[in-house]
file input.txt (compact mmCIF, C-alpha atoms (C1' of nucleotides))
# COMPACT_ATOMS: atom_id res chain seq x y z
CA MET A 6 92.97 137.91 104.21
CA GLY A 7 92.47 138.33 107.93
CA MET A 8 93.59 135.45 110.09
CA ASP A 9 92.72 135.26 113.73
CA THR A 10 94.04 133.02 116.47
CA LYS A 11 91.76 130.10 115.66
CA ASP A 12 92.77 130.14 112.02
CA LYS A 13 96.38 129.97 113.06
CA GLN A 14 95.68 127.14 115.47
CA LEU A 15 93.99 125.24 112.67
CA LEU A 16 96.93 125.80 110.34
CA LYS A 17 99.35 124.69 112.99
CA LEU A 18 97.45 121.45 113.52
CA LEU A 19 96.84 120.74 109.84
CA GLN A 20 100.47 121.36 108.95
CA GLN A 21 101.44 118.57 111.29
CA ASP A 22 98.61 116.14 110.72
CA ALA A 23 95.98 116.47 108.05
CA THR A 24 94.20 113.29 109.11
CA LEU A 25 92.58 114.97 112.10
CA SER A 26 88.82 114.99 111.74
CA VAL A 27 86.81 118.17 111.70
CA ASN A 28 85.43 117.19 115.09
CA ASP A 29 88.89 116.72 116.58
CA LEU A 30 89.99 120.05 115.18
CA ALA A 31 86.82 121.70 116.47
CA ASP A 32 87.49 120.39 119.98
CA ARG A 33 91.06 121.62 119.95
CA ILE A 34 90.20 125.14 118.89
CA SER A 35 87.12 125.27 121.15
CA LEU A 36 84.55 125.64 118.42
CA SER A 37 81.87 123.37 117.00
CA ALA A 38 82.25 121.38 113.84
CA THR A 39 80.46 123.60 111.34
CA PRO A 40 82.37 126.87 111.86
CA THR A 41 85.59 124.88 112.03
CA TRP A 42 84.75 123.29 108.71
CA LYS A 43 83.90 126.69 107.23
CA ARG A 44 87.23 128.06 108.36
CA ILE A 45 89.11 125.19 106.77
CA GLN A 46 87.19 125.69 103.53
CA ARG A 47 88.03 129.37 103.51
CA LEU A 48 91.69 128.74 104.33
CA ALA A 49 91.85 126.30 101.43
CA ARG A 50 89.93 128.46 98.98
CA GLU A 51 91.41 131.88 99.47
CA GLY A 52 94.01 131.27 102.10
CA PRO A 53 97.28 129.60 102.86
CA ILE A 54 96.28 125.93 102.48
CA LYS A 55 97.69 124.87 99.12
CA LYS A 56 97.30 121.13 99.12
CA GLN A 57 97.12 118.02 101.21
CA VAL A 58 99.63 115.29 100.55
CA CYS A 59 101.21 112.14 101.92
CA LEU A 60 104.86 112.49 102.83
CA LEU A 61 106.86 109.40 102.00
CA ASP A 62 109.98 107.92 103.52
CA ARG A 63 113.07 108.49 101.39
CA LYS A 64 114.73 105.37 102.72
CA ALA A 65 111.77 103.17 101.83
CA LEU A 66 111.79 104.60 98.30
CA ASN A 67 115.51 104.01 97.98
CA VAL A 68 116.44 107.65 97.48
CA ASN A 69 118.26 108.18 100.71
CA ILE A 70 121.07 110.35 99.36
CA THR A 71 120.50 114.11 99.20
CA VAL A 72 122.82 116.21 97.06
CA PHE A 73 122.94 119.97 96.66
CA VAL A 74 124.14 121.06 93.26
CA ALA A 75 125.36 124.61 92.76
CA ILE A 76 125.43 125.85 89.18
CA LYS A 77 127.22 128.90 87.82
CA THR A 78 126.78 130.20 84.32
CA ASN A 79 127.71 133.08 82.06
CA GLN A 80 124.89 132.30 79.69
CA HIS A 81 121.91 134.57 80.13
CA ASP A 82 119.96 134.03 76.96
CA PRO A 83 116.36 133.86 78.24
CA LYS A 84 115.18 131.24 75.76
CA TRP A 85 118.06 128.97 76.52
CA LEU A 86 117.56 129.36 80.25
CA GLU A 87 113.90 128.60 79.91
CA LYS A 88 114.67 125.35 78.16
CA PHE A 89 117.25 124.54 80.81
CA ALA A 90 114.68 125.20 83.54
CA THR A 91 112.10 123.00 81.86
CA ASN A 92 114.55 120.15 81.42
CA VAL A 93 115.67 120.35 85.01
CA CYS A 94 112.11 120.54 86.37
CA ASP A 95 111.22 117.42 84.42
CA LEU A 96 113.71 115.34 86.39
CA PRO A 97 111.83 113.75 89.29
CA GLU A 98 115.08 113.47 91.24
CA VAL A 99 115.26 117.27 91.37
CA VAL A 100 113.02 118.14 94.28
CA GLU A 101 114.02 121.79 94.67
CA PHE A 102 115.38 124.28 92.18
CA TYR A 103 116.17 127.93 92.94
CA ARG A 104 117.58 130.87 91.10
CA MET A 105 120.02 132.42 93.54
CA SER A 106 121.64 135.74 94.26
CA GLY A 107 125.41 135.99 94.62
CA LYS A 108 128.07 133.79 93.10
CA ILE A 109 125.88 130.79 92.47
CA ASP A 110 123.25 131.14 89.78
CA TYR A 111 121.15 128.07 90.50
CA LEU A 112 120.86 125.69 93.39
CA LEU A 113 119.31 122.26 93.04
CA LYS A 114 118.43 119.75 95.67
CA ILE A 115 118.33 116.24 94.27
CA VAL A 116 117.59 112.85 95.81
CA VAL A 117 119.18 109.66 94.52
CA PRO A 118 119.76 106.09 95.75
CA ASP A 119 123.56 106.15 95.53
CA ILE A 120 126.60 107.64 93.85
CA GLU A 121 125.84 106.00 90.52
CA GLY A 122 122.38 107.46 90.66
CA TYR A 123 123.89 110.84 91.32
CA ASP A 124 126.27 110.46 88.40
CA LYS A 125 123.41 109.72 86.02
CA ILE A 126 121.60 112.88 87.05
CA TYR A 127 124.82 114.85 86.89
CA LYS A 128 125.27 113.77 83.28
CA LYS A 129 121.71 114.70 82.44
CA LEU A 130 122.26 118.09 84.00
CA ILE A 131 125.40 118.95 82.08
CA ASN A 132 123.64 117.62 78.99
CA ALA A 133 120.77 119.99 79.63
CA ALA A 134 123.10 122.84 80.44
CA ALA A 135 126.38 122.22 78.55
CA LEU A 136 129.33 124.43 79.53
CA TYR A 137 128.16 125.24 83.04
CA ASP A 138 130.16 125.16 86.20
CA VAL A 139 128.65 122.58 88.51
CA SER A 140 129.67 121.77 92.07
CA SER A 141 127.98 119.22 94.31
CA SER A 142 127.80 118.76 98.06
CA PHE A 143 126.49 115.59 99.65
CA ALA A 144 124.35 115.61 102.77
CA MET A 145 125.75 113.16 105.29
CA GLU A 146 122.94 113.51 107.77
CA GLU A 147 119.51 115.06 107.68
CA ILE A 148 119.18 116.71 111.07
CA LYS A 149 115.90 118.50 110.39
CA HIS A 150 113.52 118.40 107.47
CA THR A 151 110.02 119.71 107.86
CA THR A 152 107.19 121.03 105.73
CA VAL A 153 105.93 122.99 108.75
CA LEU A 154 106.27 126.72 108.15
CA PRO A 155 106.43 129.28 110.96
CA LEU A 156 103.15 131.03 111.69
CA ASP A 157 104.78 133.81 113.65
CA TYR A 158 104.84 136.36 110.86
CA CYS A 159 101.20 136.59 109.87
CA MET B 15 108.69 95.15 101.99
CA GLY B 16 107.61 94.15 98.52
CA MET B 17 105.89 96.81 96.47
CA ASP B 18 104.11 96.02 93.26
CA THR B 19 102.82 98.27 90.53
CA LYS B 20 99.56 99.09 92.26
CA ASP B 21 101.34 100.09 95.46
CA LYS B 22 103.48 102.46 93.45
CA GLN B 23 100.47 103.88 91.66
CA LEU B 24 98.85 104.51 95.02
CA LEU B 25 101.94 106.24 96.35
CA LYS B 26 102.18 108.38 93.25
CA LEU B 27 98.59 109.53 93.66
CA LEU B 28 98.77 110.06 97.41
CA GLN B 29 101.99 112.03 97.15
CA GLN B 30 100.18 114.51 94.95
CA ASP B 31 96.79 114.57 96.60
CA ALA B 32 95.93 112.92 99.86
CA THR B 33 92.30 114.03 99.74
CA LEU B 34 91.38 111.38 97.17
CA SER B 35 88.84 108.96 98.60
CA VAL B 36 89.50 105.25 98.83
CA ASN B 37 86.88 104.76 96.10
CA ASP B 38 88.59 107.21 93.76
CA LEU B 39 91.93 105.57 94.38
CA ALA B 40 90.39 102.14 93.87
CA ASP B 41 88.99 103.19 90.50
CA ARG B 42 92.29 104.61 89.36
CA ILE B 43 94.28 101.51 90.20
CA SER B 44 91.52 99.17 88.92
CA LEU B 45 90.76 97.51 92.20
CA SER B 46 87.83 97.59 94.60
CA ALA B 47 87.73 99.65 97.75
CA THR B 48 88.66 97.04 100.34
CA PRO B 49 92.00 95.84 98.95
CA THR B 50 92.87 99.42 98.11
CA TRP B 51 92.19 100.39 101.70
CA LYS B 52 94.25 97.46 102.94
CA ARG B 53 97.16 98.47 100.76
CA ILE B 54 97.07 102.01 102.07
CA GLN B 55 96.97 100.74 105.65
CA ARG B 56 99.96 98.51 105.01
CA LEU B 57 101.89 101.27 103.25
CA ALA B 58 101.27 103.52 106.23
CA ARG B 59 102.02 100.92 108.88
CA GLU B 60 105.13 99.24 107.59
CA GLY B 61 105.81 101.11 104.40
CA PRO B 62 106.82 104.42 102.95
CA ILE B 63 103.86 106.58 104.00
CA LYS B 64 105.13 108.64 106.91
CA LYS B 65 102.45 111.22 107.44
CA GLN B 66 99.72 113.23 105.84
CA VAL B 67 99.92 116.98 106.04
CA CYS B 68 98.62 120.23 104.63
CA LEU B 69 101.14 122.23 102.66
CA LEU B 70 100.81 125.95 103.20
CA ASP B 71 101.63 128.90 101.01
CA ARG B 72 104.77 130.71 102.05
CA LYS B 73 103.56 133.98 100.65
CA ALA B 74 100.30 133.84 102.60
CA LEU B 75 102.26 133.16 105.80
CA ASN B 76 104.60 136.06 105.10
CA VAL B 77 107.76 133.95 104.90
CA ASN B 78 108.44 134.37 101.23
CA ILE B 79 112.22 134.69 101.46
CA THR B 80 114.29 131.50 101.37
CA VAL B 81 117.90 131.65 102.50
CA PHE B 82 120.53 128.93 102.45
CA VAL B 83 123.06 129.25 105.21
CA ALA B 84 126.38 127.42 104.94
CA ILE B 85 128.26 126.93 108.18
CA LYS B 86 131.89 125.93 108.62
CA THR B 87 133.44 125.05 111.93
CA ASN B 88 136.60 123.75 113.50
CA GLN B 89 134.80 122.79 116.64
CA HIS B 90 134.04 119.10 116.88
CA ASP B 91 133.23 118.60 120.53
CA PRO B 92 130.22 116.25 120.38
CA LYS B 93 128.41 117.78 123.34
CA TRP B 94 128.75 121.25 121.99
CA LEU B 95 127.56 120.20 118.57
CA GLU B 96 124.59 118.46 120.06
CA LYS B 97 123.56 121.62 121.84
CA PHE B 98 124.07 123.58 118.65
CA ALA B 99 121.88 121.11 116.74
CA THR B 100 119.14 121.31 119.34
CA ASN B 101 119.16 125.09 119.34
CA VAL B 102 119.03 125.26 115.57
CA CYS B 103 116.26 122.66 115.31
CA ASP B 104 114.18 124.67 117.76
CA LEU B 105 114.02 127.62 115.40
CA PRO B 106 110.82 127.30 113.37
CA GLU B 107 112.37 129.37 110.59
CA VAL B 108 114.91 126.61 110.01
CA VAL B 109 113.02 124.18 107.79
CA GLU B 110 115.98 122.01 106.73
CA PHE B 111 119.28 121.30 108.41
CA TYR B 112 121.97 118.97 107.07
CA ARG B 113 125.41 117.86 108.08
CA MET B 114 127.41 117.98 104.88
CA SER B 115 130.49 116.45 103.37
CA GLY B 116 133.21 118.63 101.91
CA LYS B 117 134.11 122.20 102.80
CA ILE B 118 130.81 123.12 104.36
CA ASP B 119 129.97 121.46 107.65
CA TYR B 120 126.28 122.35 107.93
CA LEU B 121 123.72 123.63 105.51
CA LEU B 122 120.50 125.26 106.68
CA LYS B 123 117.51 126.30 104.72
CA ILE B 124 115.56 129.04 106.45
CA VAL B 125 112.41 130.95 105.58
CA VAL B 126 111.84 134.53 106.69
CA PRO B 127 109.60 137.47 105.75
CA ASP B 128 112.39 139.89 104.84
CA ILE B 129 115.99 140.91 105.38
CA GLU B 130 115.34 142.04 108.94
CA GLY B 131 113.82 138.68 109.67
CA TYR B 132 116.87 137.02 108.22
CA ASP B 133 119.15 139.16 110.35
CA LYS B 134 117.32 138.16 113.53
CA ILE B 135 117.80 134.49 112.74
CA TYR B 136 121.40 135.09 111.74
CA LYS B 137 122.06 136.61 115.15
CA LYS B 138 120.39 133.71 116.89
CA LEU B 139 122.52 131.32 114.88
CA ILE B 140 125.84 132.92 115.71
CA ASN B 141 124.61 133.14 119.29
CA ALA B 142 123.96 129.41 119.27
CA ALA B 143 127.21 128.70 117.50
CA ALA B 144 129.64 131.51 118.42
CA LEU B 145 132.89 131.68 116.41
CA TYR B 146 131.57 129.90 113.33
CA ASP B 147 132.02 130.87 109.73
CA VAL B 148 128.62 131.55 108.24
CA SER B 149 127.79 132.44 104.64
CA SER B 150 124.30 133.02 103.30
CA SER B 151 122.77 132.84 99.83
CA PHE B 152 119.35 134.20 99.04
CA ALA B 153 116.94 132.47 96.70
CA MET B 154 115.62 134.96 94.16
CA GLU B 155 113.13 132.60 92.59
CA GLU B 156 111.74 129.22 93.51
CA ILE B 157 111.59 127.39 90.19
CA LYS B 158 110.62 124.00 91.60
CA HIS B 159 109.73 122.85 95.09
CA THR B 160 107.99 119.57 95.60
CA THR B 161 107.47 116.97 98.30
CA VAL B 162 106.97 114.35 95.58
CA LEU B 163 109.79 111.81 95.63
CA PRO B 164 110.73 109.68 92.62
CA LEU B 165 109.32 106.16 92.68
CA ASP B 166 111.70 104.90 90.02
CA TYR B 167 114.19 103.31 92.39
CA CYS B 168 112.05 100.90 94.36
C1' DA C 6 94.72 88.71 97.35
C1' DG C 7 90.25 89.80 95.70
C1' DT C 8 84.82 91.02 95.92
C1' DG C 9 80.36 93.00 97.61
C1' DA C 10 77.42 94.50 101.10
C1' DA C 11 76.40 96.47 105.61
C1' DA C 12 77.38 99.26 109.76
C1' DG C 13 79.41 103.06 111.74
C1' DG C 14 81.59 107.71 111.28
C1' DT C 15 82.53 112.06 108.95
C1' DC C 16 81.68 115.52 106.06
C1' DT C 17 78.68 118.93 104.18
C1' DC C 18 74.70 121.65 103.94
C1' DC C 19 70.60 123.80 105.85
C1' DG C 20 67.79 126.69 108.85
C1' DC C 21 68.25 129.43 112.74
C1' DA C 22 70.29 132.47 116.74
C1' DT D 22 80.14 134.22 113.28
C1' DG D 23 78.30 130.87 115.68
C1' DC D 24 75.15 126.49 116.70
C1' DG D 25 72.82 121.83 116.08
C1' DG D 26 70.63 118.42 113.14
C1' DA D 27 69.69 115.64 108.78
C1' DG D 28 71.28 113.40 104.70
C1' DA D 29 74.98 112.05 101.72
C1' DC D 30 79.25 110.20 101.36
C1' DC D 31 83.21 107.65 102.90
C1' DT D 32 85.63 104.51 105.69
C1' DT D 33 86.05 100.19 107.76
C1' DT D 34 84.72 95.54 108.77
C1' DC D 35 82.83 90.98 107.74
C1' DA D 36 81.64 86.76 105.34
C1' DC D 37 82.85 84.63 101.21
C1' DT D 38 85.81 83.37 96.73

call {"tool": "encode", "arguments": {"input": "input.txt", "output": "structure tokens"}}
result
Amino acid sequence: MGMDTKDKQLLKLLQQDATLSVNDLADRISLSATPTWKRIQRLAREGPIKKQVCLLDRKALNVNITVFVAIKTNQHDPKWLEKFATNVCDLPEVVEFYRMSGKIDYLLKIVVPDIEGYDKIYKKLINAAALYDVSSSFAMEEIKHTTVLPLDYC
Amino acid sequence: MGMDTKDKQLLKLLQQDATLSVNDLADRISLSATPTWKRIQRLAREGPIKKQVCLLDRKALNVNITVFVAIKTNQHDPKWLEKFATNVCDLPEVVEFYRMSGKIDYLLKIVVPDIEGYDKIYKKLINAAALYDVSSSFAMEEIKHTTVLPLDYC
DNA sequence: AGTGAAAGGTCTCCGCA
DNA sequence: TGCGGAGACCTTTCACT
């Protein structure tokens, strides 16, 4: 779908703050409310806007520890892997889950309150995935974490 | 701050869809509009709601490749590291950036359109960080990726 | 903390340029 | 595509329990 400058401006604004009113957005992209609203509708219907959510504070939810878990495996039975994937996805502590190229087969990002919390998830993981090689790295500091994607490539 | 069941229900709903109206939310947590609205205000003011944003589709923005970049360094001059951190944070392709424990010092998650795009960022990184040891892993498949945090620990 | 009603804004749709 | 206006809907406040 074609995206012009105003569409990109809208996306830039909405990525940072989805509470802006249609009128505010219209002002900022130098357009009146109706066409602005139509653009947003189009961007949501057939375009890049997937959803609108509240982002919560990890600290306030007591899941301030981020752990990256790298998993290697020899097992490549599709059915087994599918079950593994389902089990892992069902854990709410697993917030990201990738199949990787290279030496690592899977990379998980999990959030937990503390080391004990991590250990519980770790046990669930090796339960779900038996005989796998699992290595974990703890994030000491979150220097940047954004849901804002670059708009420079479209 | 104390959070009861209804607060958690609200957070669960708003994490998944922030377009729900106060009336909808009120219905779902079996409360009327006003106290529901007050709860949301409180959760946003002094609680876990940080912001409300639109989530965009990576594919539609032509940044469908996710790369994890692990950086090791011997350098620990604080001023230098601060400059490095600033430079890295300024890159819109870098969506996450952690200081890690263990063998890796920093872990970046970057999004790019293709290998060339990755190479450009790679060059910027080693420019910003000279003599560092950098190793990259490409995500082949995004199996799970959510902004929804678990509410089980608060 | 909760309710219901009323005022003030926004969103959404329509006809038109 | 763009504009402005009218009605519906939603948000926000207020008086009261």

call {"tool": "atom_distance", "arguments": {"input": "input.txt", "atom1": "CA of Leu27 (chain B)", "atom2": "CA of Val100 (chain A)"}}
result
16.8 Å

call {"tool": "closest_atom_pairs", "arguments": {"input": "input.txt", "of": "chain B", "to": "chain D", "cutoff": "9 Å", "atoms": "all atoms listed in the file", "output": "CSV"}}
result
residue,atom,partner,partner_atom,distance
B:Ser35,CA,D:DC31,C1',7.2
B:Val36,CA,D:DC31,C1',7.9
B:Asn37,CA,D:DC31,C1',8.2
B:Thr48,CA,D:DT33,C1',8.5
B:Trp51,CA,D:DT33,C1',8.6

call {"tool": "write_last_selection", "arguments": {"input": "input.txt", "atoms": "C-alpha atoms", "output": "compact mmCIF listing (two decimals), in the frame of the given file"}}
result
# COMPACT_ATOMS: atom_id res chain seq x y z
CA SER B 35 88.84 108.96 98.60
CA VAL B 36 89.50 105.25 98.83
CA ASN B 37 86.88 104.76 96.10
CA THR B 48 88.66 97.04 100.34
CA TRP B 51 92.19 100.39 101.70

call {"tool": "atom_distance", "arguments": {"input": "input.txt", "atom1": "CA of Val58 (chain A)", "atom2": "CA of Leu156 (chain A)"}}
result
19.6 Å

call {"tool": "atom_distance", "arguments": {"input": "input.txt", "atom1": "CA of Lys123 (chain B)", "atom2": "CA of Ala23 (chain A)"}}
result
23.9 Å

call {"tool": "axis_aligned_box", "arguments": {"input": "input.txt", "around": "region 6-10 of chain C", "padding_each_side": "5 Å", "output": "lines of an AutoDock Vina configuration file"}}
result
center_x = 86.1
center_y = 91.6
center_z = 98.4
size_x = 27.3
size_y = 15.8
size_z = 15.4

call {"tool": "residues_around", "arguments": {"input": "input.txt", "residues": "Gln29 (chain B)", "least_positions_apart": "2", "cutoff": "8 Å", "atoms": "all atoms listed in the file", "output": "list of chain:residue names"}}
result
A:Val58, A:Cys59, A:Leu60, A:Leu61, B:Leu25, B:Lys26, B:Leu27, B:Asp31, B:Ala32, B:Thr161, B:Val162, B:Leu163

call {"tool": "closest_atom_pairs", "arguments": {"input": "input.txt", "of": "chain C", "to": "chain A", "cutoff": "9 Å", "atoms": "all atoms listed in the file", "output": "Markdown table"}}
result
| residue | atom | partner | partner_atom | distance |
| --- | --- | --- | --- | --- |
| C:DT15 | C1' | A:Ser26 | CA | 7.5 |
| C:DC16 | C1' | A:Val27 | CA | 8.1 |
| C:DT17 | C1' | A:Thr39 | CA | 8.7 |

call {"tool": "closest_residue", "arguments": {"input": "input.txt", "among": "B:Ala142, B:Ile63, B:Ala58, B:Ile129", "to": "chain A", "atoms": "only C-alpha atoms"}}
result
B:Ile63

call {"tool": "closest_atom_pairs", "arguments": {"input": "input.txt", "of": "chain B", "to": "chain A", "cutoff": "7 Å", "atoms": "all atoms listed in the file", "output": "Markdown table"}}
result
| residue | atom | partner | partner_atom | distance |
| --- | --- | --- | --- | --- |
| B:Leu28 | CA | A:Cys59 | CA | 5.5 |
| B:Gln29 | CA | A:Cys59 | CA | 4.8 |
| B:Gln30 | CA | A:Val58 | CA | 5.7 |
| B:Asp31 | CA | A:Val58 | CA | 4.9 |
| B:Ala32 | CA | A:Val58 | CA | 4.4 |
| B:Thr33 | CA | A:Gln57 | CA | 6.4 |
| B:Gly61 | CA | A:Ala65 | CA | 6.8 |
| B:Pro62 | CA | A:Asp62 | CA | 4.7 |
| B:Ile63 | CA | A:Leu61 | CA | 4.6 |
| B:Lys64 | CA | A:Leu61 | CA | 5.3 |
| B:Lys65 | CA | A:Leu60 | CA | 5.4 |
| B:Gln66 | CA | A:Cys59 | CA | 4.3 |
| B:Val67 | CA | A:Ala23 | CA | 4.5 |
| B:Cys68 | CA | A:Gln57 | CA | 4.3 |
| B:Leu69 | CA | A:Lys56 | CA | 5.3 |
| B:Leu70 | CA | A:Ile54 | CA | 4.6 |
| B:Asp71 | CA | A:Pro53 | CA | 4.8 |
| B:Ala74 | CA | A:Pro53 | CA | 5.2 |
| B:Leu75 | CA | A:Cys159 | CA | 5.4 |
| B:Asn76 | CA | A:Tyr158 | CA | 5.8 |
| B:Cys103 | CA | A:Lys149 | CA | 6.5 |
| B:Pro106 | CA | A:Pro155 | CA | 5.4 |
| B:Glu107 | CA | A:Pro155 | CA | 6.0 |
| B:Val109 | CA | A:Thr151 | CA | 5.4 |
| B:Glu110 | CA | A:His150 | CA | 4.4 |
| B:Phe111 | CA | A:Lys149 | CA | 4.8 |
| B:Tyr112 | CA | A:Glu147 | CA | 4.7 |
| B:Arg113 | CA | A:Glu146 | CA | 5.0 |
| B:Met114 | CA | A:Ala144 | CA | 4.4 |
| B:Ser115 | CA | A:Phe143 | CA | 5.5 |
| B:Gly116 | CA | A:Ser142 | CA | 6.6 |
| B:Ser151 | CA | A:Ser106 | CA | 6.4 |
| B:Phe152 | CA | A:Ser106 | CA | 5.5 |
| B:Ala153 | CA | A:Met105 | CA | 4.4 |
| B:Met154 | CA | A:Met105 | CA | 5.1 |
| B:Glu155 | CA | A:Arg104 | CA | 5.0 |
| B:Glu156 | CA | A:Tyr103 | CA | 4.6 |
| B:Ile157 | CA | A:Phe102 | CA | 5.3 |
| B:Lys158 | CA | A:Phe102 | CA | 4.8 |
| B:His159 | CA | A:Glu101 | CA | 4.4 |
| B:Thr160 | CA | A:Val100 | CA | 5.4 |
| B:Thr161 | CA | A:Leu60 | CA | 6.9 |
| B:Leu163 | CA | A:Pro97 | CA | 6.9 |
| B:Pro164 | CA | A:Pro97 | CA | 5.4 |
| B:Leu165 | CA | A:Leu66 | CA | 6.3 |
| B:Tyr167 | CA | A:Asn67 | CA | 5.8 |
| B:Cys168 | CA | A:Leu66 | CA | 5.4 |

call {"tool": "residues_near_point", "arguments": {"input": "input.txt", "point": "(85.2, 92.5, 92.5)", "cutoff": "10 Å", "atoms": "all atoms listed in the file", "output": "PDB file with C-alpha atoms (C1' of nucleotides), in the frame of the given file"}}
result
ATOM      1  CA  SER B  44      91.520  99.170  88.920  1.00  0.00           C
ATOM      2  CA  LEU B  45      90.760  97.510  92.200  1.00  0.00           C
ATOM      3  CA  SER B  46      87.830  97.590  94.600  1.00  0.00           C
ATOM      4  CA  ALA B  47      87.730  99.650  97.750  1.00  0.00           C
ATOM      5  CA  THR B  48      88.660  97.040 100.340  1.00  0.00           C
ATOM      6  CA  PRO B  49      92.000  95.840  98.950  1.00  0.00           C
TER       7      PRO B  49
ATOM      8  C1'  DG C   7      90.250  89.800  95.700  1.00  0.00           C
ATOM      9  C1'  DT C   8      84.820  91.020  95.920  1.00  0.00           C
ATOM     10  C1'  DG C   9      80.360  93.000  97.610  1.00  0.00           C
TER      11       DG C   9
END

call {"tool": "decode", "arguments": {"input": "input.txt", "residues": "region 19-35 of chain B", "atoms": "N, CA and C atoms", "output": "short mmCIF file (atom, residue, chain, number, x, y, z; two decimals), in the first residue's frame"}}
result
data_model
loop_
_atom_site.label_atom_id
_atom_site.label_comp_id
_atom_site.auth_asym_id
_atom_site.auth_seq_id
_atom_site.Cartn_x
_atom_site.Cartn_y
_atom_site.Cartn_z
N THR B 19 -8.22 -7.34 42.58
CA THR B 19 -8.55 -8.16 41.42
C THR B 19 -9.02 -7.33 40.24
N LYS B 20 -9.86 -6.33 40.54
CA LYS B 20 -10.42 -5.55 39.43
C LYS B 20 -9.33 -4.73 38.73
N ASP B 21 -8.40 -4.20 39.50
CA ASP B 21 -7.27 -3.50 38.88
C ASP B 21 -6.53 -4.43 37.93
N LYS B 22 -6.29 -5.64 38.38
CA LYS B 22 -5.57 -6.59 37.53
C LYS B 22 -6.36 -6.95 36.29
N GLN B 23 -7.67 -7.10 36.46
CA GLN B 23 -8.50 -7.38 35.29
C GLN B 23 -8.40 -6.25 34.28
N LEU B 24 -8.45 -5.02 34.79
CA LEU B 24 -8.33 -3.86 33.92
C LEU B 24 -7.01 -3.88 33.17
N LEU B 25 -5.93 -4.13 33.90
CA LEU B 25 -4.61 -4.14 33.28
C LEU B 25 -4.53 -5.23 32.21
N LYS B 26 -5.10 -6.37 32.52
CA LYS B 26 -5.07 -7.47 31.55
C LYS B 26 -5.76 -7.06 30.25
N LEU B 27 -6.93 -6.42 30.40
CA LEU B 27 -7.67 -6.00 29.22
C LEU B 27 -6.93 -4.91 28.45
N LEU B 28 -6.43 -3.91 29.19
CA LEU B 28 -5.81 -2.77 28.53
C LEU B 28 -4.47 -3.11 27.88
N GLN B 29 -3.81 -4.12 28.42
CA GLN B 29 -2.57 -4.58 27.81
C GLN B 29 -2.82 -5.19 26.45
N GLN B 30 -4.03 -5.73 26.27
CA GLN B 30 -4.33 -6.41 25.01
C GLN B 30 -5.03 -5.49 24.02
N ASP B 31 -5.82 -4.57 24.56
CA ASP B 31 -6.56 -3.67 23.68
C ASP B 31 -6.91 -2.39 24.41
N ALA B 32 -6.22 -1.34 24.05
CA ALA B 32 -6.43 -0.06 24.72
C ALA B 32 -7.53 0.75 24.07
N THR B 33 -8.20 0.20 23.07
CA THR B 33 -9.29 0.95 22.44
C THR B 33 -10.63 0.68 23.13
N LEU B 34 -10.68 -0.25 24.04
CA LEU B 34 -11.92 -0.52 24.77
C LEU B 34 -12.39 0.74 25.49
N SER B 35 -13.67 1.01 25.41
CA SER B 35 -14.21 2.19 26.07
C SER B 35 -14.35 1.93 27.57
#
